[in-house]
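Dumped coords.csv below, it's CSV, C-alpha atoms:
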```
chain,number,residue,atom,x,y,z
A,1,MET,CA,95.1,75.8,91.6
A,2,THR,CA,97.5,76.9,94.3
A,3,ILE,CA,100.6,74.8,94.8
A,4,ARG,CA,102.5,75.1,98.0
A,5,PHE,CA,106.1,74.0,98.3
A,6,THR,CA,108.4,73.9,101.3
A,7,PRO,CA,111.8,74.4,99.7
A,8,ALA,CA,113.6,71.9,101.8
A,9,THR,CA,115.8,71.0,98.8
A,10,CYS,CA,116.8,74.7,98.1
A,11,ILE,CA,118.5,75.4,101.4
A,12,GLY,CA,121.5,77.1,99.6
A,13,ALA,CA,119.2,79.6,97.9
A,14,LEU,CA,117.7,80.6,101.3
A,15,ALA,CA,121.0,82.2,102.4
A,16,GLY,CA,122.0,79.3,104.7
A,17,LEU,CA,118.8,79.4,106.8
A,18,TRP,CA,117.3,76.0,107.7
A,19,VAL,CA,113.6,75.7,106.7
A,20,ALA,CA,112.2,74.4,110.0
A,21,ALA,CA,110.4,75.5,113.1
A,22,SER,CA,112.2,77.8,115.5
A,23,ALA,CA,111.8,78.5,119.2
A,24,SER,CA,111.8,82.3,119.5
A,25,THR,CA,113.3,83.7,122.7
A,26,ALA,CA,112.3,87.4,122.0
A,27,LEU,CA,109.8,88.5,124.7
A,28,ALA,CA,106.8,90.6,123.9
A,29,PHE,CA,107.0,94.1,125.2
A,30,GLU,CA,104.4,94.9,127.8
A,31,THR,CA,103.7,98.5,127.3
A,32,LYS,CA,102.0,100.8,129.8
A,33,ALA,CA,100.7,103.0,127.0
A,34,ARG,CA,96.9,103.2,126.4
A,35,ALA,CA,97.8,102.7,122.7
A,36,ALA,CA,101.1,101.8,121.0
A,37,TYR,CA,102.5,100.9,117.6
A,38,VAL,CA,106.1,100.0,116.7
A,39,VAL,CA,107.3,99.2,113.2
A,40,ASP,CA,110.7,98.4,111.7
A,41,GLN,CA,110.8,100.7,108.7
A,42,GLY,CA,113.2,98.9,106.4
A,43,THR,CA,111.4,95.6,106.6
A,44,ASN,CA,107.9,97.0,107.4
A,45,THR,CA,107.7,94.5,110.3
A,46,VAL,CA,105.2,95.4,113.0
A,47,LEU,CA,106.9,94.7,116.3
A,48,LEU,CA,104.2,95.9,118.7
A,49,GLU,CA,100.6,97.0,118.4
A,50,LYS,CA,98.1,97.8,121.1
A,51,ASN,CA,94.8,99.5,120.3
A,52,ALA,CA,96.6,100.5,117.1
A,53,ASN,CA,93.5,101.3,115.0
A,54,VAL,CA,91.4,103.0,117.7
A,55,PRO,CA,90.8,106.8,117.0
A,56,MET,CA,92.1,108.7,120.0
A,57,PRO,CA,92.8,112.4,120.8
A,58,PRO,CA,96.3,112.9,119.4
A,59,ALA,CA,97.0,116.3,121.0
A,60,SER,CA,100.1,118.0,119.5
A,61,MET,CA,101.2,114.9,117.7
A,62,SER,CA,98.6,115.8,115.0
A,63,LYS,CA,100.8,118.9,114.3
A,64,LEU,CA,102.8,116.4,112.1
A,65,MET,CA,100.0,116.6,109.6
A,66,THR,CA,100.1,120.4,109.4
A,67,LEU,CA,103.9,120.0,108.9
A,68,TYR,CA,103.4,117.5,106.1
A,69,VAL,CA,101.0,119.8,104.2
A,70,ALA,CA,103.4,122.7,104.8
A,71,PHE,CA,106.3,120.8,103.5
A,72,GLU,CA,104.3,119.9,100.4
A,73,ALA,CA,103.5,123.5,99.8
A,74,VAL,CA,107.2,124.5,100.0
A,75,ARG,CA,108.2,121.6,97.7
A,76,ASP,CA,105.5,122.6,95.2
A,77,GLY,CA,106.4,126.3,95.3
A,78,ARG,CA,103.2,127.6,97.0
A,79,LEU,CA,105.3,128.7,100.0
A,80,THR,CA,109.0,129.7,100.3
A,81,MET,CA,111.1,129.3,103.4
A,82,ASP,CA,111.8,133.0,103.5
A,83,GLU,CA,108.3,134.2,102.9
A,84,ARG,CA,106.7,136.1,105.8
A,85,LEU,CA,103.2,135.3,106.9
A,86,PRO,CA,100.8,137.6,108.8
A,87,VAL,CA,99.4,136.6,112.2
A,88,SER,CA,95.6,136.9,112.6
A,89,GLU,CA,93.7,137.5,115.8
A,90,HIS,CA,92.5,133.9,115.7
A,91,ALA,CA,96.1,132.6,115.5
A,92,MET,CA,97.2,135.0,118.3
A,93,SER,CA,94.3,133.8,120.6
A,94,TYR,CA,95.7,130.3,121.0
A,95,LYS,CA,97.0,129.5,124.5
A,96,GLY,CA,99.0,126.6,125.7
A,97,SER,CA,102.3,126.1,124.0
A,98,THR,CA,102.9,129.0,121.7
A,99,MET,CA,105.6,131.2,120.0
A,100,PHE,CA,103.9,134.3,121.6
A,101,LEU,CA,103.0,135.7,118.2
A,102,ASP,CA,100.9,138.8,117.9
A,103,THR,CA,99.1,140.6,115.1
A,104,THR,CA,102.0,143.0,114.5
A,105,ASP,CA,104.3,140.1,113.4
A,106,ARG,CA,105.1,138.8,110.0
A,107,VAL,CA,106.9,135.6,110.5
A,108,ARG,CA,109.2,133.7,108.2
A,109,VAL,CA,107.9,130.3,107.1
A,110,GLU,CA,111.1,128.6,108.2
A,111,ASP,CA,110.7,130.1,111.7
A,112,LEU,CA,107.1,129.0,111.8
A,113,LEU,CA,108.1,125.4,110.9
A,114,ARG,CA,110.8,125.3,113.6
A,115,GLY,CA,108.3,126.9,116.0
A,116,ILE,CA,105.9,124.0,115.4
A,117,ILE,CA,108.6,121.2,115.5
A,118,VAL,CA,110.7,122.4,118.4
A,119,LEU,CA,108.4,124.7,120.4
A,120,SER,CA,105.1,123.0,119.5
A,121,GLY,CA,103.6,126.4,118.8
A,122,ASN,CA,99.8,126.3,118.5
A,123,ASP,CA,99.8,129.8,117.1
A,124,ALA,CA,102.4,128.9,114.5
A,125,CYS,CA,100.2,126.1,113.2
A,126,ALA,CA,97.2,128.4,112.8
A,127,VAL,CA,99.3,130.9,110.8
A,128,ILE,CA,100.4,128.1,108.4
A,129,ALA,CA,96.8,126.8,108.3
A,130,GLU,CA,95.3,130.1,107.3
A,131,ALA,CA,97.9,130.7,104.7
A,132,LEU,CA,97.3,127.3,103.0
A,133,SER,CA,93.6,126.8,103.7
A,134,PRO,CA,91.4,126.6,100.6
A,135,ASP,CA,89.0,129.2,102.2
A,136,GLY,CA,91.5,131.1,104.4
A,137,THR,CA,90.3,129.6,107.6
A,138,GLU,CA,91.8,127.1,110.0
A,139,ALA,CA,88.6,125.0,109.8
A,140,GLY,CA,89.0,124.8,106.0
A,141,PHE,CA,92.6,123.7,106.4
A,142,ALA,CA,91.5,121.0,108.9
A,143,ARG,CA,89.1,119.6,106.3
A,144,TYR,CA,91.8,119.6,103.7
A,145,MET,CA,94.1,117.8,106.2
A,146,THR,CA,91.5,115.1,106.7
A,147,ARG,CA,91.2,114.6,102.9
A,148,ARG,CA,94.9,114.5,102.4
A,149,ALA,CA,95.4,112.1,105.3
A,150,ARG,CA,93.0,109.7,103.6
A,151,GLU,CA,95.0,109.9,100.4
A,152,LEU,CA,98.1,109.0,102.3
A,153,GLY,CA,96.5,105.9,103.9
A,154,MET,CA,95.5,107.3,107.3
A,155,THR,CA,92.0,105.9,107.6
A,156,GLU,CA,91.3,106.7,111.2
A,157,SER,CA,92.2,110.4,111.2
A,158,THR,CA,89.8,113.3,111.4
A,159,PHE,CA,91.1,116.9,112.0
A,160,MET,CA,89.1,119.8,113.4
A,161,ASN,CA,92.0,122.2,113.8
A,162,SER,CA,95.7,122.5,112.8
A,163,ASN,CA,97.4,121.9,116.2
A,164,GLY,CA,95.5,119.2,118.2
A,165,TRP,CA,93.6,121.7,120.4
A,166,PRO,CA,91.0,119.5,122.3
A,167,ASP,CA,87.9,118.8,120.2
A,168,PRO,CA,85.6,115.8,120.4
A,169,GLY,CA,86.0,115.3,116.6
A,170,HIS,CA,89.7,115.6,116.4
A,171,ARG,CA,91.1,112.0,116.3
A,172,MET,CA,93.9,109.9,115.0
A,173,SER,CA,95.0,106.3,115.6
A,174,VAL,CA,98.5,105.5,116.6
A,175,ARG,CA,98.9,103.4,113.4
A,176,ASP,CA,98.0,106.5,111.4
A,177,LEU,CA,100.5,108.6,113.3
A,178,ALA,CA,103.2,106.0,112.4
A,179,VAL,CA,102.1,106.1,108.7
A,180,LEU,CA,102.4,109.9,108.8
A,181,ALA,CA,105.9,109.7,110.5
A,182,GLU,CA,107.1,107.4,107.7
A,183,HIS,CA,105.8,109.7,105.0
A,184,LEU,CA,107.6,112.6,106.6
A,185,ILE,CA,110.9,110.7,106.8
A,186,GLU,CA,110.7,109.3,103.3
A,187,ASP,CA,109.0,112.1,101.4
A,188,PHE,CA,110.9,115.1,102.9
A,189,PRO,CA,114.5,114.1,103.7
A,190,GLU,CA,115.6,117.7,103.2
A,191,PHE,CA,113.3,118.8,106.1
A,192,TYR,CA,113.5,115.9,108.4
A,193,PRO,CA,116.7,116.9,110.2
A,194,MET,CA,114.7,119.8,111.7
A,195,PHE,CA,113.0,117.2,114.0
A,196,ALA,CA,116.3,116.5,115.7
A,197,GLU,CA,116.9,120.2,116.7
A,198,GLN,CA,116.9,120.5,120.4
A,199,GLU,CA,116.6,124.2,120.8
A,200,PHE,CA,115.0,127.2,118.9
A,201,ALA,CA,115.1,130.6,120.6
A,202,PHE,CA,112.7,132.5,118.4
A,203,ASP,CA,113.3,136.3,118.6
A,204,GLY,CA,114.2,135.9,122.3
A,205,ARG,CA,110.6,136.5,123.3
A,206,ALA,CA,109.9,133.2,125.0
A,207,PRO,CA,112.9,132.1,127.1
A,208,SER,CA,110.7,129.5,128.9
A,209,ASN,CA,109.9,127.8,125.7
A,210,VAL,CA,113.0,127.1,123.7
A,211,ARG,CA,113.7,123.4,124.2
A,212,ASN,CA,112.4,120.4,122.2
A,213,ARG,CA,110.2,118.3,124.4
A,214,ASN,CA,111.3,115.0,122.8
A,215,PRO,CA,113.1,113.2,125.7
A,216,LEU,CA,115.1,110.9,123.5
A,217,LEU,CA,117.0,113.5,121.5
A,218,GLN,CA,119.5,114.0,124.4
A,219,LEU,CA,120.2,110.2,124.6
A,220,ASP,CA,122.8,108.4,122.5
A,221,ILE,CA,120.4,105.9,121.0
A,222,GLY,CA,119.9,107.2,117.5
A,223,ALA,CA,116.7,109.2,118.1
A,224,ASP,CA,116.1,112.0,115.6
A,225,GLY,CA,112.4,112.8,115.7
A,226,LEU,CA,109.4,113.4,115.7
A,227,LYS,CA,106.8,115.0,118.1
A,228,THR,CA,105.4,114.9,121.6
A,229,GLY,CA,101.8,115.6,122.6
A,230,HIS,CA,99.9,116.2,125.8
A,231,THR,CA,96.4,117.2,126.9
A,232,GLN,CA,94.4,116.1,129.9
A,233,GLU,CA,92.2,113.8,127.8
A,234,ALA,CA,95.0,112.4,125.6
A,235,GLY,CA,97.6,111.9,128.3
A,236,TYR,CA,101.3,112.1,127.3
A,237,GLY,CA,102.3,110.7,123.9
A,238,LEU,CA,105.2,110.6,121.5
A,239,VAL,CA,105.7,109.8,117.9
A,240,GLY,CA,109.3,108.9,117.8
A,241,SER,CA,112.0,107.5,115.5
A,242,ALA,CA,115.5,106.2,115.9
A,243,LYS,CA,118.1,104.9,113.6
A,244,GLN,CA,121.0,102.5,114.5
A,245,GLY,CA,123.2,101.3,111.7
A,246,ASP,CA,121.0,100.4,108.7
A,247,ARG,CA,117.8,100.0,110.7
A,248,ARG,CA,115.2,102.6,111.6
A,249,VAL,CA,112.4,102.1,114.0
A,250,ILE,CA,109.2,104.2,114.2
A,251,PHE,CA,107.0,104.1,117.2
A,252,VAL,CA,104.0,105.8,118.7
A,253,ILE,CA,102.7,105.7,122.3
A,254,SER,CA,99.7,107.5,123.7
A,255,GLY,CA,98.0,107.8,127.0
A,256,MET,CA,101.0,107.8,129.4
A,257,ASN,CA,100.4,109.3,132.8
A,258,THR,CA,103.4,111.6,133.3
A,259,THR,CA,106.3,113.2,131.4
A,260,PRO,CA,108.9,110.9,133.1
A,261,GLU,CA,106.8,107.8,132.4
A,262,ARG,CA,106.6,108.8,128.7
A,263,ALA,CA,110.4,109.3,128.6
A,264,GLU,CA,111.1,105.9,130.3
A,265,GLU,CA,108.7,104.0,128.1
A,266,SER,CA,110.0,105.6,124.9
A,267,GLU,CA,113.6,104.8,125.7
A,268,ALA,CA,112.7,101.2,126.7
A,269,ILE,CA,110.8,100.6,123.4
A,270,VAL,CA,113.7,101.9,121.3
A,271,ASN,CA,116.2,99.7,123.2
A,272,TRP,CA,113.9,96.6,123.0
A,273,SER,CA,113.4,97.1,119.2
A,274,PHE,CA,117.0,97.2,118.4
A,275,ARG,CA,118.3,94.6,120.9
A,276,GLN,CA,115.6,91.9,120.5
A,277,PHE,CA,115.4,91.9,116.7
A,278,THR,CA,117.9,91.7,113.9
A,279,LYS,CA,117.7,92.0,110.1
A,280,ARG,CA,118.8,89.0,108.0
A,281,THR,CA,119.0,88.2,104.3
A,282,ILE,CA,117.0,85.0,103.6
A,283,ALA,CA,117.2,84.9,99.8
A,284,ARG,CA,119.7,86.3,97.3
A,285,GLU,CA,118.9,88.2,94.2
A,286,GLY,CA,118.9,86.0,91.1
A,287,LEU,CA,119.3,82.6,93.0
A,288,ALA,CA,116.4,80.2,92.4
A,289,VAL,CA,114.4,79.4,95.5
A,290,GLU,CA,112.2,76.9,93.6
A,291,GLN,CA,111.2,75.7,90.1
A,292,ALA,CA,107.7,76.5,88.8
A,293,GLU,CA,106.1,74.1,86.3
A,294,VAL,CA,105.4,75.7,82.9
A,295,TRP,CA,102.4,74.9,80.7
A,296,MET,CA,103.1,74.6,76.9
A,297,GLY,CA,106.6,76.1,77.2
A,298,GLU,CA,109.9,75.4,75.5
A,299,SER,CA,111.1,74.5,79.0
A,300,PRO,CA,109.1,72.4,81.5
A,301,THR,CA,110.1,74.6,84.4
A,302,VAL,CA,111.3,78.1,85.3
A,303,GLY,CA,113.3,79.3,88.2
A,304,LEU,CA,111.7,81.4,90.9
A,305,VAL,CA,114.1,84.1,92.1
A,306,PRO,CA,113.9,87.2,94.2
A,307,ALA,CA,114.3,90.4,92.2
A,308,GLN,CA,116.5,91.7,95.0
A,309,ASP,CA,118.0,90.4,98.2
A,310,LEU,CA,115.1,89.5,100.5
A,311,GLU,CA,115.6,90.9,104.0
A,312,ILE,CA,113.4,90.1,107.0
A,313,LEU,CA,113.5,90.9,110.7
A,314,LEU,CA,113.9,88.0,113.1
A,315,PRO,CA,114.2,87.7,116.9
A,316,ALA,CA,117.8,88.2,117.7
A,317,LEU,CA,118.1,85.0,119.7
A,318,SER,CA,116.1,82.7,117.5
A,319,GLY,CA,119.0,81.0,115.8
A,320,ASP,CA,119.0,80.3,112.0
A,321,ALA,CA,115.6,78.7,111.6
A,322,ILE,CA,112.5,79.9,109.8
A,323,ASN,CA,109.3,78.6,108.4
A,324,ALA,CA,109.1,79.3,104.6
A,325,GLU,CA,107.2,78.1,101.6
A,326,VAL,CA,106.8,79.0,98.0
A,327,VAL,CA,103.2,79.7,96.8
A,328,TYR,CA,102.1,80.1,93.2
A,329,THR,CA,99.2,79.2,91.0
A,330,GLY,CA,100.4,76.8,88.4
A,331,PRO,CA,101.4,75.4,86.1
A,332,VAL,CA,102.3,78.8,84.6
A,333,THR,CA,101.3,79.3,81.0
A,334,ALA,CA,104.1,80.2,78.5
A,335,PRO,CA,105.3,82.6,77.3
A,336,ILE,CA,107.0,84.0,80.4
A,337,GLN,CA,109.3,87.0,80.6
A,338,ALA,CA,112.3,87.2,82.9
A,339,GLY,CA,111.4,89.4,85.9
A,340,GLN,CA,107.7,88.6,85.7
A,341,GLN,CA,106.2,88.0,89.2
A,342,LEU,CA,105.0,84.4,89.4
A,343,ALA,CA,105.0,83.5,93.1
A,344,GLU,CA,105.5,84.5,96.7
A,345,LEU,CA,107.9,83.3,99.4
A,346,VAL,CA,105.7,83.1,102.5
A,347,VAL,CA,107.8,83.4,105.7
A,348,GLN,CA,106.4,83.0,109.2
A,349,PRO,CA,108.9,83.9,111.8
A,350,GLU,CA,108.0,82.9,115.3
A,351,ASP,CA,106.0,85.6,117.2
A,352,LEU,CA,106.1,88.0,114.2
A,353,PRO,CA,103.5,88.6,111.5
A,354,GLU,CA,103.6,86.5,108.3
A,355,MET,CA,105.6,88.1,105.5
A,356,ARG,CA,104.8,87.6,101.7
A,357,LEU,CA,107.8,88.3,99.5
A,358,PRO,CA,107.6,88.4,95.7
A,359,LEU,CA,109.4,85.9,93.5
A,360,VAL,CA,109.9,86.5,89.7
A,361,ALA,CA,110.8,84.4,86.7
A,362,GLN,CA,114.6,83.7,86.4
A,363,SER,CA,114.5,83.7,82.6
A,364,ASP,CA,112.4,83.9,79.5
A,365,VAL,CA,110.4,80.9,78.6
A,366,GLY,CA,108.9,80.9,75.1
A,367,THR,CA,105.9,79.0,73.8
A,368,GLY,CA,106.8,75.4,72.9
A,369,GLY,CA,106.7,74.3,69.3
A,370,PHE,CA,104.8,71.5,67.6
A,371,PRO,CA,106.5,68.6,69.5
A,372,VAL,CA,105.7,70.2,72.8
A,373,LYS,CA,102.1,70.7,71.9
A,374,VAL,CA,101.8,67.0,70.8
A,375,MET,CA,103.5,65.8,74.0
A,376,THR,CA,101.2,68.0,76.1
A,377,ALA,CA,98.1,66.8,74.3
A,378,ALA,CA,99.2,63.2,74.8
A,379,ARG,CA,99.8,63.7,78.5
A,380,VAL,CA,96.4,65.2,78.9
A,381,LEU,CA,94.7,62.3,77.2
A,382,VAL,CA,96.6,59.7,79.2
A,383,THR,CA,95.8,61.5,82.5
A,384,ARG,CA,92.1,61.8,81.6
A,385,PHE,CA,92.0,58.1,80.8
A,386,LEU,CA,93.7,57.0,84.0
A,387,ASN,CA,92.4,59.5,86.5
A,388,GLY,CA,89.4,61.3,85.1
A,389,PRO,CA,89.1,64.6,83.3
A,390,GLU,CA,89.6,66.8,86.4
A,391,ASP,CA,93.2,65.7,87.0
A,392,ALA,CA,94.3,66.6,83.5
A,393,LEU,CA,93.9,70.3,84.0
```

Please re-express this file's structure in structure tokens.
Amino acid sequence: MTIRFTPATCIGALAGLWVAASASTALAFETKARAAYVVDQGTNTVLLEKNANVPMPPASMSKLMTLYVAFEAVRDGRLTMDERLPVSEHAMSYKGSTMFLDTTDRVRVEDLLRGIIVLSGNDACAVIAEALSPDGTEAGFARYMTRRARELGMTESTFMNSNGWPDPGHRMSVRDLAVLAEHLIEDFPEFYPMFAEQEFAFDGRAPSNVRNRNPLLQLDIGADGLKTGHTQEAGYGLVGSAKQGDRRVIFVISGMNTTPERAEESEAIVNWSFRQFTKRTIAREGLAVEQAEVWMGESPTVGLVPAQDLEILLPALSGDAINAEVVYTGPVTAPIQAGQQLAELVVQPEDLPEMRLPLVAQSDVGTGGFPVKVMTAARVLVTRFLNGPEDAL
């Protein structure tokens, strides 16, 4: 059976927070975007979602997947940063935002990566794609991108090319784009600083295309990535991230009407995310939140503790109140090992998603000896006699 406890008697273990209802004063953000997703990375708290799982045209924001695959190839030794790659007729044929590559070029991988990140080069993506494609074609690379995206947890992403060129089958959800951004940040810290570069003048051949289009990089709000996108069908979008102190926020917006509107909305989302929410520690490592009943053990109970400090995000103006309860299936049968997960601390902040945080055994509990077995059997018999057989279990 599942036993639910509200740990009203364990206030000290819950880092001084009262276990009670709270009146949240954080206001929901009313975004103008067609689709949006905002997540606090450290606590994995979703702050905003709108049409988050709807596949939409991602435009150049899908270049992030090409970059992820390229970073993997460099990490695995299948590409080197100084390696020079040829430019095909197909790659050269791309219009829109390009590095103005031609078939006489052999371009360093590092320059191609910067050309994708800073200059949003459609041609640079195709060069990378053909070099890494299982069959040497951009289409083959797109099929690999789709398969790799599924492996990374992006369930609503299908790629038809490497750069987001308009195609009815080329789709991503804003949630998938946020998942991809988090992977880039966490999996490739050695490459991620490239996303904060504001200028890249490749070979001096495209003076009109040397500036990063991310409007937040010039502001003093901690922004350090990732990628803009625009087509007529997709509108104006941005996959962005900003870090202030020990908090990082990742956000995606899509379907804005103009470049200024995209910039204003992005800045407003970042400011709202940091000003309206704050990270708090609600339970300390090793301090018991509750006691779980033990079946046939040398001790009748075992402490339930967090394996590490438990941090959650709360509305900044909500005060020190949360709703929390300990949930476990019990009694827990001995033997029990210290550190064994036995329960969850279920926290429900006002106006935020429910959070389920693991609790583990505070100490070892061995199997009880003969006296414990006799006492347990006697208790079962008495309970059956007084209440019926069901209540003895």

**Request:** Neighbourhood query: residues within 8 Å of (110.0, 115.2, 113.2), file coordinates, counting only C-alpha atoms; return as a PyMOL selection string.
**Result:** chain A and resi 64+117+181+184-185+192-196+224-227+240

**Message:** Taking only C-alpha atoms into account, name the residue in A:Ser97, A:Gln244, A:Ser208, A:Gln308 that is nearest to A:Asn271.
**Reply:** A:Gln244

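Using all atoms listed in the file, the set of residues no farther than 12 Å from the position (88.4, 120.1, 122.8) comprises A:Pro57, A:Pro58, A:Ala59, A:Phe159, A:Met160, A:Asn161, A:Asn163, A:Gly164, A:Trp165, A:Pro166, A:Asp167, A:Pro168, A:Gly169, A:His170, A:Arg171, A:Thr231, A:Gln232, A:Glu233, A:Ala234.
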
Using only C-alpha atoms, please write the residues we just selected to a file, as a PDB file, in the frame of the given file.
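Result file is out.pdb:
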```
ATOM      1  CA  PRO A  57      92.800 112.400 120.800  1.00  0.00           C
ATOM      2  CA  PRO A  58      96.300 112.900 119.400  1.00  0.00           C
ATOM      3  CA  ALA A  59      97.000 116.300 121.000  1.00  0.00           C
ATOM      4  CA  PHE A 159      91.100 116.900 112.000  1.00  0.00           C
ATOM      5  CA  MET A 160      89.100 119.800 113.400  1.00  0.00           C
ATOM      6  CA  ASN A 161      92.000 122.200 113.800  1.00  0.00           C
ATOM      7  CA  ASN A 163      97.400 121.900 116.200  1.00  0.00           C
ATOM      8  CA  GLY A 164      95.500 119.200 118.200  1.00  0.00           C
ATOM      9  CA  TRP A 165      93.600 121.700 120.400  1.00  0.00           C
ATOM     10  CA  PRO A 166      91.000 119.500 122.300  1.00  0.00           C
ATOM     11  CA  ASP A 167      87.900 118.800 120.200  1.00  0.00           C
ATOM     12  CA  PRO A 168      85.600 115.800 120.400  1.00  0.00           C
ATOM     13  CA  GLY A 169      86.000 115.300 116.600  1.00  0.00           C
ATOM     14  CA  HIS A 170      89.700 115.600 116.400  1.00  0.00           C
ATOM     15  CA  ARG A 171      91.100 112.000 116.300  1.00  0.00           C
ATOM     16  CA  THR A 231      96.400 117.200 126.900  1.00  0.00           C
ATOM     17  CA  GLN A 232      94.400 116.100 129.900  1.00  0.00           C
ATOM     18  CA  GLU A 233      92.200 113.800 127.800  1.00  0.00           C
ATOM     19  CA  ALA A 234      95.000 112.400 125.600  1.00  0.00           C
TER      20      ALA A 234
END
```

Would you tabulate, counting all atoms listed in the file, all residues of stretch 248-301 of chain A that have an atom at most 9 Å from an atom of stretch 350-362 of chain A, showing the closest pair of atoms and their distance in Å to one decimal, sorted by chain then ascending number, as a Markdown table?
```
| residue | atom | partner | partner_atom | distance |
| --- | --- | --- | --- | --- |
| A:Gly286 | CA | A:Gln362 | CA | 6.8 |
| A:Leu287 | CA | A:Gln362 | CA | 8.2 |
| A:Ala288 | CA | A:Gln362 | CA | 7.2 |
| A:Val289 | CA | A:Leu359 | CA | 8.4 |
| A:Ala292 | CA | A:Ala361 | CA | 8.7 |
```

Quick one: write out the picked residues with C-alpha atoms as a compact mmCIF listing (two decimals), in the coordinates of the input?
```
# COMPACT_ATOMS: atom_id res chain seq x y z
CA GLY A 286 118.90 86.00 91.10
CA LEU A 287 119.30 82.60 93.00
CA ALA A 288 116.40 80.20 92.40
CA VAL A 289 114.40 79.40 95.50
CA ALA A 292 107.70 76.50 88.80
```

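Rounded to one decimal, atom CA of A:Ala52 and atom CA of A:Val270 lie 17.7 Å from each other.
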
**Request:** Write out as a PyMOL selection string which residues come within 8 Å of stretch 135-152 of chain A when counting only C-alpha atoms, dropping same-chain ones fewer than 4 positions away.
**Result:** chain A and resi 65-66+69+126+129-131+157-162+180

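Distance-wise, atom CA of A:Pro306 and atom CA of A:Gly339 end up 8.9 Å apart.
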
**Message:** With all atoms listed in the file as the counted atoms, please give the residues lying no more than 12 Å from A:Ser93, apart from itself and same-chain residues fewer than 5 positions off, as number ranges by chain.
**Reply:** A: 87-88, 98-103, 122-124, 126-127

**Message:** Need the shell around A:Leu342: protein/DNA/RNA residues with any atom at most 12 Å away, counting only C-alpha atoms. Skip same-chain ones fewer than 2 positions apart. Format as an MDAnalysis selection string?
**Reply:** chainID A and resid 2:3 290:294 302:307 326:334 336:340 344:345 357:363

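Taking atom CA of A:Val174 as the reference point, atom CA of A:Ala316 is found at 25.9 Å.
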
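Of the listed residues (A:Pro349, A:Pro300, A:Pro315, A:Pro134), A:Pro300 comes nearest to A:Thr367; the distances count all atoms listed in the file.
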
**Request:** Please provide as a list in words all residues within 7 Å of A:Thr43, with the sequence filter that same-chain residues fewer than 5 positions apart are discarded (counting all atoms listed in the file).
**Result:** Glu311, Ile312 and Leu313 of chain A
